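Participant: Following this message is one structure expressed as structure tokens.
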Amino acid sequence: MAMNYNAKDEVDGGPACAPGGTAKNRRPDNTAFKQQRLPAWQPILTAGTVLPTFFIIGLIFIPIGIGIFVTSNNIREIEGNVFMYYGLSNFYQNHRRYVKSRDDSQLNGDSSALLNPSKECEPYRRNEDKPIAPCGAIANSMFNDTLELFLVGNGSYLTSIPLKKKGIAWWTDKNVKFRNPPGGEIPLEERFKGTTKPVNWVKPVYMLDSDQDNNGFINEDFIVWMRTAALPTFRKLYRLIERKSDLHPTLPAGQYYLNITYNYPVHSFDGRKRMILSTISWMGGKNPFLGIAYITIGSISFLLGVVLLVINHKYRNSSNTADITI
């Protein structure tokens, strides 16, 4: 059956209906929103509105930045509860493919993902025809140096400093994001049956610790490493040195000996390793970057305000030009 087409019908909302039928109208409702009649506001950027904005940003950001910077620098890295960090430089954990190379379902204890990891983990998805647990480049590159700290006493006698390895990961990571495969009283090794360790690991994931509350996917060293850093130079929490008494410092003055079991090579990517001892403040550990960023932005805004003020004053008083709108 042939059908005539009329452009006017489309504009008016379609062809006329048969007698007795209900007319169909495709026009939007006659409301301010659908007919685009809502009131609009467009700021007019003049010298009188832009200049105060720059000065206000500068006056707010500079004091905040100075406060954060001073607070960071005042963190004493020997007293109170002391946090031991390991640091890496020139290690790009923020690379796009590296960040995606993991399977969160597997890390959350999903049994199907355990034996069939995500393709995002390639090329660290399978090895020797077995699924890797945990899979991916992040897990495969886990930091595995061992650090031990000793106080050197009289006669070069070494006193071991207790290093607490639990309580270093975020609570949400430990209790929500990372879980071992279900199994109740079944040994952890059996729950990981059918999988293999990451290529660069010395031992499988179910042998990371003798403490079953800190073993497998819920091992806190592993959890800390899996939270990728935003910058190529970073530090990650390694151990906690708890203060035993308010009358004695956590780390008394003296000579200390750091024993490092070297397992993690850094020469291949021209990196460096370091160990940091630090206390924390309300803003976390010692990190001057945020304060410097606030001071820089505030200073730039204040400087731009001064420059624009001078330009506005010069041309506003000129008889050869009209008023300038920025």
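Chain identifiers are assigned as A, B, and so on, following the order in which chains appear in the structure tokens; residues are numbered from 1 within each chain, and ligands are numbered from 1 in order of appearance.
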As an MDAnalysis selection string, which residues of segment 143-322 of chain A does DSSP assign to alpha helix (DSSP H)?
Facilitator: chainID A and resid 171:172 188:191 220:226 289:316
Participant: Which residues come within 6 Å of Gly136 of chain A, counting only C-alpha atoms, excluding same-chain residues fewer than 6 positions away, as a PyMOL selection string?
Facilitator: chain A and resi 101-102+121+124
Participant: With N, CA, C and O atoms retained, could you export that selection as a tab-separated table (two decimals), in the first residue's frame?
Facilitator:
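And here is the file that came out, selection-v7.tsv:
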chain	number	residue	atom	x	y	z
A	101	SER	N	45.28	-3.58	35.80
A	101	SER	CA	45.71	-4.98	35.80
A	101	SER	C	45.45	-5.64	37.15
A	101	SER	O	46.37	-5.91	37.92
A	102	ARG	N	44.19	-5.92	37.43
A	102	ARG	CA	43.77	-6.56	38.67
A	102	ARG	C	42.35	-7.08	38.49
A	102	ARG	O	41.65	-6.71	37.55
A	121	CYS	N	43.90	-8.81	33.62
A	121	CYS	CA	45.13	-9.23	34.29
A	121	CYS	C	46.23	-9.65	33.32
A	121	CYS	O	47.37	-9.89	33.75
A	124	TYR	N	49.50	-11.44	33.15
A	124	TYR	CA	49.68	-12.15	34.43
A	124	TYR	C	48.35	-12.74	34.89
A	124	TYR	O	47.97	-12.62	36.04
Participant: Quick one: residues within 9 Å of Ser105 of chain A, only C-alpha atoms counted, chain neighbours fewer than 2 positions away excluded, as a PDB file with all heavy atoms, in the first residue's frame?
Facilitator:
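Dumped to around24.pdb:
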ATOM      1  N   ASP A 103      41.922  -7.942  39.372  1.00  0.00           N
ATOM      2  CA  ASP A 103      40.561  -8.468  39.349  1.00  0.00           C
ATOM      3  C   ASP A 103      39.973  -8.285  40.735  1.00  0.00           C
ATOM      4  O   ASP A 103      40.257  -9.045  41.658  1.00  0.00           O
ATOM      5  CB  ASP A 103      40.561  -9.942  38.943  1.00  0.00           C
ATOM      6  CG  ASP A 103      39.147 -10.474  38.712  1.00  0.00           C
ATOM      7  OD1 ASP A 103      38.188  -9.855  39.211  1.00  0.00           O
ATOM      8  OD2 ASP A 103      38.997 -11.511  38.035  1.00  0.00           O
ATOM      9  N   LEU A 107      39.866 -10.623  44.242  1.00  0.00           N
ATOM     10  CA  LEU A 107      40.400 -10.148  45.514  1.00  0.00           C
ATOM     11  C   LEU A 107      39.339 -10.109  46.604  1.00  0.00           C
ATOM     12  O   LEU A 107      39.670 -10.114  47.792  1.00  0.00           O
ATOM     13  CB  LEU A 107      41.013  -8.757  45.335  1.00  0.00           C
ATOM     14  CG  LEU A 107      42.197  -8.676  44.368  1.00  0.00           C
ATOM     15  CD1 LEU A 107      42.616  -7.228  44.163  1.00  0.00           C
ATOM     16  CD2 LEU A 107      43.365  -9.495  44.887  1.00  0.00           C
ATOM     17  N   ASN A 108      38.072 -10.071  46.204  1.00  0.00           N
ATOM     18  CA  ASN A 108      36.977 -10.067  47.162  1.00  0.00           C
ATOM     19  C   ASN A 108      36.517 -11.478  47.526  1.00  0.00           C
ATOM     20  O   ASN A 108      35.531 -11.646  48.227  1.00  0.00           O
ATOM     21  CB  ASN A 108      35.805  -9.252  46.608  1.00  0.00           C
ATOM     22  CG  ASN A 108      34.804  -8.870  47.669  1.00  0.00           C
ATOM     23  OD1 ASN A 108      33.652  -9.289  47.645  1.00  0.00           O
ATOM     24  ND2 ASN A 108      35.229  -8.074  48.649  1.00  0.00           N
ATOM     25  N   GLY A 109      37.237 -12.487  47.031  1.00  0.00           N
ATOM     26  CA  GLY A 109      36.941 -13.858  47.413  1.00  0.00           C
ATOM     27  C   GLY A 109      35.946 -14.580  46.541  1.00  0.00           C
ATOM     28  O   GLY A 109      35.461 -15.654  46.924  1.00  0.00           O
ATOM     29  N   ASP A 110      35.617 -14.036  45.371  1.00  0.00           N
ATOM     30  CA  ASP A 110      34.663 -14.693  44.484  1.00  0.00           C
ATOM     31  C   ASP A 110      35.284 -15.978  43.925  1.00  0.00           C
ATOM     32  O   ASP A 110      36.358 -15.954  43.315  1.00  0.00           O
ATOM     33  CB  ASP A 110      34.287 -13.743  43.344  1.00  0.00           C
ATOM     34  CG  ASP A 110      33.202 -14.322  42.456  1.00  0.00           C
ATOM     35  OD1 ASP A 110      33.544 -15.042  41.501  1.00  0.00           O
ATOM     36  OD2 ASP A 110      32.021 -14.053  42.727  1.00  0.00           O
ATOM     37  N   SER A 111      34.606 -17.108  44.116  1.00  0.00           N
ATOM     38  CA  SER A 111      35.158 -18.408  43.733  1.00  0.00           C
ATOM     39  C   SER A 111      35.307 -18.548  42.227  1.00  0.00           C
ATOM     40  O   SER A 111      36.297 -19.115  41.742  1.00  0.00           O
ATOM     41  CB  SER A 111      34.265 -19.531  44.275  1.00  0.00           C
ATOM     42  OG  SER A 111      34.204 -19.477  45.686  1.00  0.00           O
ATOM     43  N   SER A 112      34.347 -18.031  41.462  1.00  0.00           N
ATOM     44  CA  SER A 112      34.436 -18.137  40.005  1.00  0.00           C
ATOM     45  C   SER A 112      35.571 -17.287  39.458  1.00  0.00           C
ATOM     46  O   SER A 112      36.291 -17.694  38.535  1.00  0.00           O
ATOM     47  CB  SER A 112      33.106 -17.731  39.366  1.00  0.00           C
ATOM     48  OG  SER A 112      32.783 -16.383  39.692  1.00  0.00           O
ATOM     49  N   ALA A 113      35.764 -16.082  40.019  1.00  0.00           N
ATOM     50  CA  ALA A 113      36.859 -15.224  39.571  1.00  0.00           C
ATOM     51  C   ALA A 113      38.212 -15.772  39.997  1.00  0.00           C
ATOM     52  O   ALA A 113      39.232 -15.497  39.355  1.00  0.00           O
ATOM     53  CB  ALA A 113      36.672 -13.807  40.110  1.00  0.00           C
ATOM     54  N   LEU A 114      38.228 -16.561  41.061  1.00  0.00           N
ATOM     55  CA  LEU A 114      39.484 -17.144  41.517  1.00  0.00           C
ATOM     56  C   LEU A 114      40.066 -18.080  40.462  1.00  0.00           C
ATOM     57  O   LEU A 114      41.273 -18.065  40.201  1.00  0.00           O
ATOM     58  CB  LEU A 114      39.256 -17.902  42.826  1.00  0.00           C
ATOM     59  CG  LEU A 114      40.495 -18.539  43.465  1.00  0.00           C
ATOM     60  CD1 LEU A 114      41.447 -17.467  43.981  1.00  0.00           C
ATOM     61  CD2 LEU A 114      40.082 -19.480  44.610  1.00  0.00           C
ATOM     62  N   PRO A 117      40.206 -15.653  36.194  1.00  0.00           N
ATOM     63  CA  PRO A 117      40.461 -14.225  36.426  1.00  0.00           C
ATOM     64  C   PRO A 117      40.077 -13.373  35.226  1.00  0.00           C
ATOM     65  O   PRO A 117      39.936 -13.850  34.102  1.00  0.00           O
ATOM     66  CB  PRO A 117      41.973 -14.180  36.678  1.00  0.00           C
ATOM     67  CG  PRO A 117      42.383 -15.587  36.963  1.00  0.00           C
ATOM     68  CD  PRO A 117      41.435 -16.452  36.219  1.00  0.00           C
ATOM     69  N   SER A 118      39.928 -12.089  35.489  1.00  0.00           N
ATOM     70  CA  SER A 118      39.577 -11.133  34.442  1.00  0.00           C
ATOM     71  C   SER A 118      40.687 -11.029  33.405  1.00  0.00           C
ATOM     72  O   SER A 118      41.882 -11.164  33.704  1.00  0.00           O
ATOM     73  CB  SER A 118      39.320  -9.756  35.068  1.00  0.00           C
ATOM     74  OG  SER A 118      39.222  -8.757  34.084  1.00  0.00           O
ATOM     75  N   LYS A 177      36.889  -4.758  50.948  1.00  0.00           N
ATOM     76  CA  LYS A 177      37.355  -4.956  49.574  1.00  0.00           C
ATOM     77  C   LYS A 177      38.133  -6.254  49.377  1.00  0.00           C
ATOM     78  O   LYS A 177      38.128  -6.817  48.289  1.00  0.00           O
ATOM     79  CB  LYS A 177      38.216  -3.769  49.143  1.00  0.00           C
ATOM     80  CG  LYS A 177      37.456  -2.454  49.029  1.00  0.00           C
ATOM     81  CD  LYS A 177      38.365  -1.346  48.521  1.00  0.00           C
ATOM     82  CE  LYS A 177      37.605  -0.041  48.363  1.00  0.00           C
ATOM     83  NZ  LYS A 177      38.478   1.049  47.858  1.00  0.00           N
TER      84      LYS A 177
END
Participant: Using only C-alpha atoms for the distances, tell me which of A:Phe91, A:Trp170, A:Tyr257, A:Phe178 is nearest to Gly153 of chain A.
Facilitator: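 For Gly153 of chain A, the nearest of the candidates is A:Tyr257.
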Participant: Take atom CA of Tyr256 of chain A and atom CA of Lys165 of chain A and report the distance between them in Å, one decimal.
Facilitator: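 A separation of 19.9 Å between them.
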Participant: Hey, which of A:Ala253, A:Leu258, A:Ala40, A:Ile62 ends up closest to Glu79 of chain A? Count only C-alpha atoms.
Facilitator: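 Closest residue, counting only C-alpha atoms: A:Ala253.
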Participant: Write out as a list in words the residues lying within 12 Å of Gln212 of chain A, counting only C-alpha atoms and excluding same-chain residues fewer than 3 positions away.
Facilitator: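 In the requested form, the answer reads Lys166, Asn180, Gly184, Glu185, Ile186, Pro187, Leu188, Glu189, Val205, Tyr206, Met207, Leu208, Asp209, Asn215, Gly216, Phe217, Ile218, Asn219 and Glu220 of chain A.
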Participant: Do you know which residues are at most 9 Å from Asn200 of chain A counting only C-alpha atoms, after dropping those on the same chain fewer than 2 positions away, and could you put them as a VMD selection string?
Facilitator: chain A and resid 140 to 142 197 to 198 202
Participant: Mind running segment 42-157 of chain A against segment 295-299 of chain A at 12 Å and telling me each contacting residue's nearest atom pair with the distance in Å (one decimal), counting only C-alpha atoms, chain and number ascending, as JSON lines?
Facilitator:
{"residue": "A:Thr53", "atom": "CA", "partner": "A:Gly298", "partner_atom": "CA", "distance": 11.3}
{"residue": "A:Phe54", "atom": "CA", "partner": "A:Gly298", "partner_atom": "CA", "distance": 8.5}
{"residue": "A:Phe55", "atom": "CA", "partner": "A:Gly298", "partner_atom": "CA", "distance": 8.6}
{"residue": "A:Ile56", "atom": "CA", "partner": "A:Gly298", "partner_atom": "CA", "distance": 8.9}
{"residue": "A:Ile57", "atom": "CA", "partner": "A:Gly298", "partner_atom": "CA", "distance": 6.0}
{"residue": "A:Gly58", "atom": "CA", "partner": "A:Gly298", "partner_atom": "CA", "distance": 3.9}
{"residue": "A:Leu59", "atom": "CA", "partner": "A:Gly298", "partner_atom": "CA", "distance": 6.9}
{"residue": "A:Ile60", "atom": "CA", "partner": "A:Gly298", "partner_atom": "CA", "distance": 7.3}
{"residue": "A:Phe61", "atom": "CA", "partner": "A:Gly298", "partner_atom": "CA", "distance": 4.8}
{"residue": "A:Ile62", "atom": "CA", "partner": "A:Ile295", "partner_atom": "CA", "distance": 4.6}
{"residue": "A:Pro63", "atom": "CA", "partner": "A:Ile295", "partner_atom": "CA", "distance": 7.6}
{"residue": "A:Ile64", "atom": "CA", "partner": "A:Ile295", "partner_atom": "CA", "distance": 7.7}
{"residue": "A:Gly65", "atom": "CA", "partner": "A:Ile295", "partner_atom": "CA", "distance": 4.8}
{"residue": "A:Ile66", "atom": "CA", "partner": "A:Ile295", "partner_atom": "CA", "distance": 6.6}
{"residue": "A:Gly67", "atom": "CA", "partner": "A:Ile295", "partner_atom": "CA", "distance": 9.7}
{"residue": "A:Ile68", "atom": "CA", "partner": "A:Ile295", "partner_atom": "CA", "distance": 9.5}
{"residue": "A:Phe69", "atom": "CA", "partner": "A:Ile295", "partner_atom": "CA", "distance": 8.8}
{"residue": "A:Val70", "atom": "CA", "partner": "A:Ile295", "partner_atom": "CA", "distance": 11.6}
Participant: Applying 7 Å and only C-alpha atoms, which residues near Asn94 of chain A remain after dropping the ones on its own chain fewer than 6 positions away? List them as a ChimeraX atom specification.
Facilitator: /A:228-231
Participant: Could you turn the residues from that selection into a file that holds N, CA, C and O atoms, as a PDB file, in the first residue's frame?
Facilitator:
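result.pdb, written as the output of this step:
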ATOM      1  N   THR A 228      47.261   1.653  44.776  1.00  0.00           N
ATOM      2  CA  THR A 228      48.286   2.258  43.929  1.00  0.00           C
ATOM      3  C   THR A 228      48.508   3.729  44.251  1.00  0.00           C
ATOM      4  O   THR A 228      47.587   4.443  44.653  1.00  0.00           O
ATOM      5  N   ALA A 229      49.750   4.164  44.053  1.00  0.00           N
ATOM      6  CA  ALA A 229      50.133   5.550  44.330  1.00  0.00           C
ATOM      7  C   ALA A 229      49.873   6.429  43.115  1.00  0.00           C
ATOM      8  O   ALA A 229      49.910   5.973  41.977  1.00  0.00           O
ATOM      9  N   ALA A 230      49.631   7.705  43.367  1.00  0.00           N
ATOM     10  CA  ALA A 230      49.308   8.648  42.291  1.00  0.00           C
ATOM     11  C   ALA A 230      50.544   9.229  41.630  1.00  0.00           C
ATOM     12  O   ALA A 230      50.476   9.699  40.501  1.00  0.00           O
ATOM     13  N   LEU A 231      51.675   9.206  42.315  1.00  0.00           N
ATOM     14  CA  LEU A 231      52.899   9.824  41.800  1.00  0.00           C
ATOM     15  C   LEU A 231      54.015   8.787  41.731  1.00  0.00           C
ATOM     16  O   LEU A 231      53.989   7.784  42.461  1.00  0.00           O
TER      17      LEU A 231
END
Participant: How would you write, as a PyMOL selection string, the set of residues in segment 102-133 of chain A that DSSP gives as strand (DSSP E or B)?
Facilitator: chain A and resi 126-127+130-132
Participant: Could those residues be written to a file, using C-alpha atoms, as a PDB file, in the first residue's frame?
Facilitator:
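So the final result, stored in part.pdb, reads:
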ATOM      1  CA  ARG A 126      47.527 -17.617  33.879  1.00  0.00           C
ATOM      2  CA  ASN A 127      50.804 -19.480  34.275  1.00  0.00           C
ATOM      3  CA  LYS A 130      46.699 -22.494  35.993  1.00  0.00           C
ATOM      4  CA  PRO A 131      44.988 -19.231  37.018  1.00  0.00           C
ATOM      5  CA  ILE A 132      47.188 -16.858  38.963  1.00  0.00           C
TER       6      ILE A 132
END
Participant: Give me, please, the distance in Å between atom CA of Thr172 of chain A and atom CA of Gln106 of chain A, quoted to one decimal.
Facilitator: 16.6 Å
Participant: Between atom CA of Ile223 of chain A and atom CA of Thr250 of chain A, measure the distance and give it in Å to one decimal.
Facilitator: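 Separation between atom CA of Ile223 of chain A and atom CA of Thr250 of chain A: 26.3 Å.
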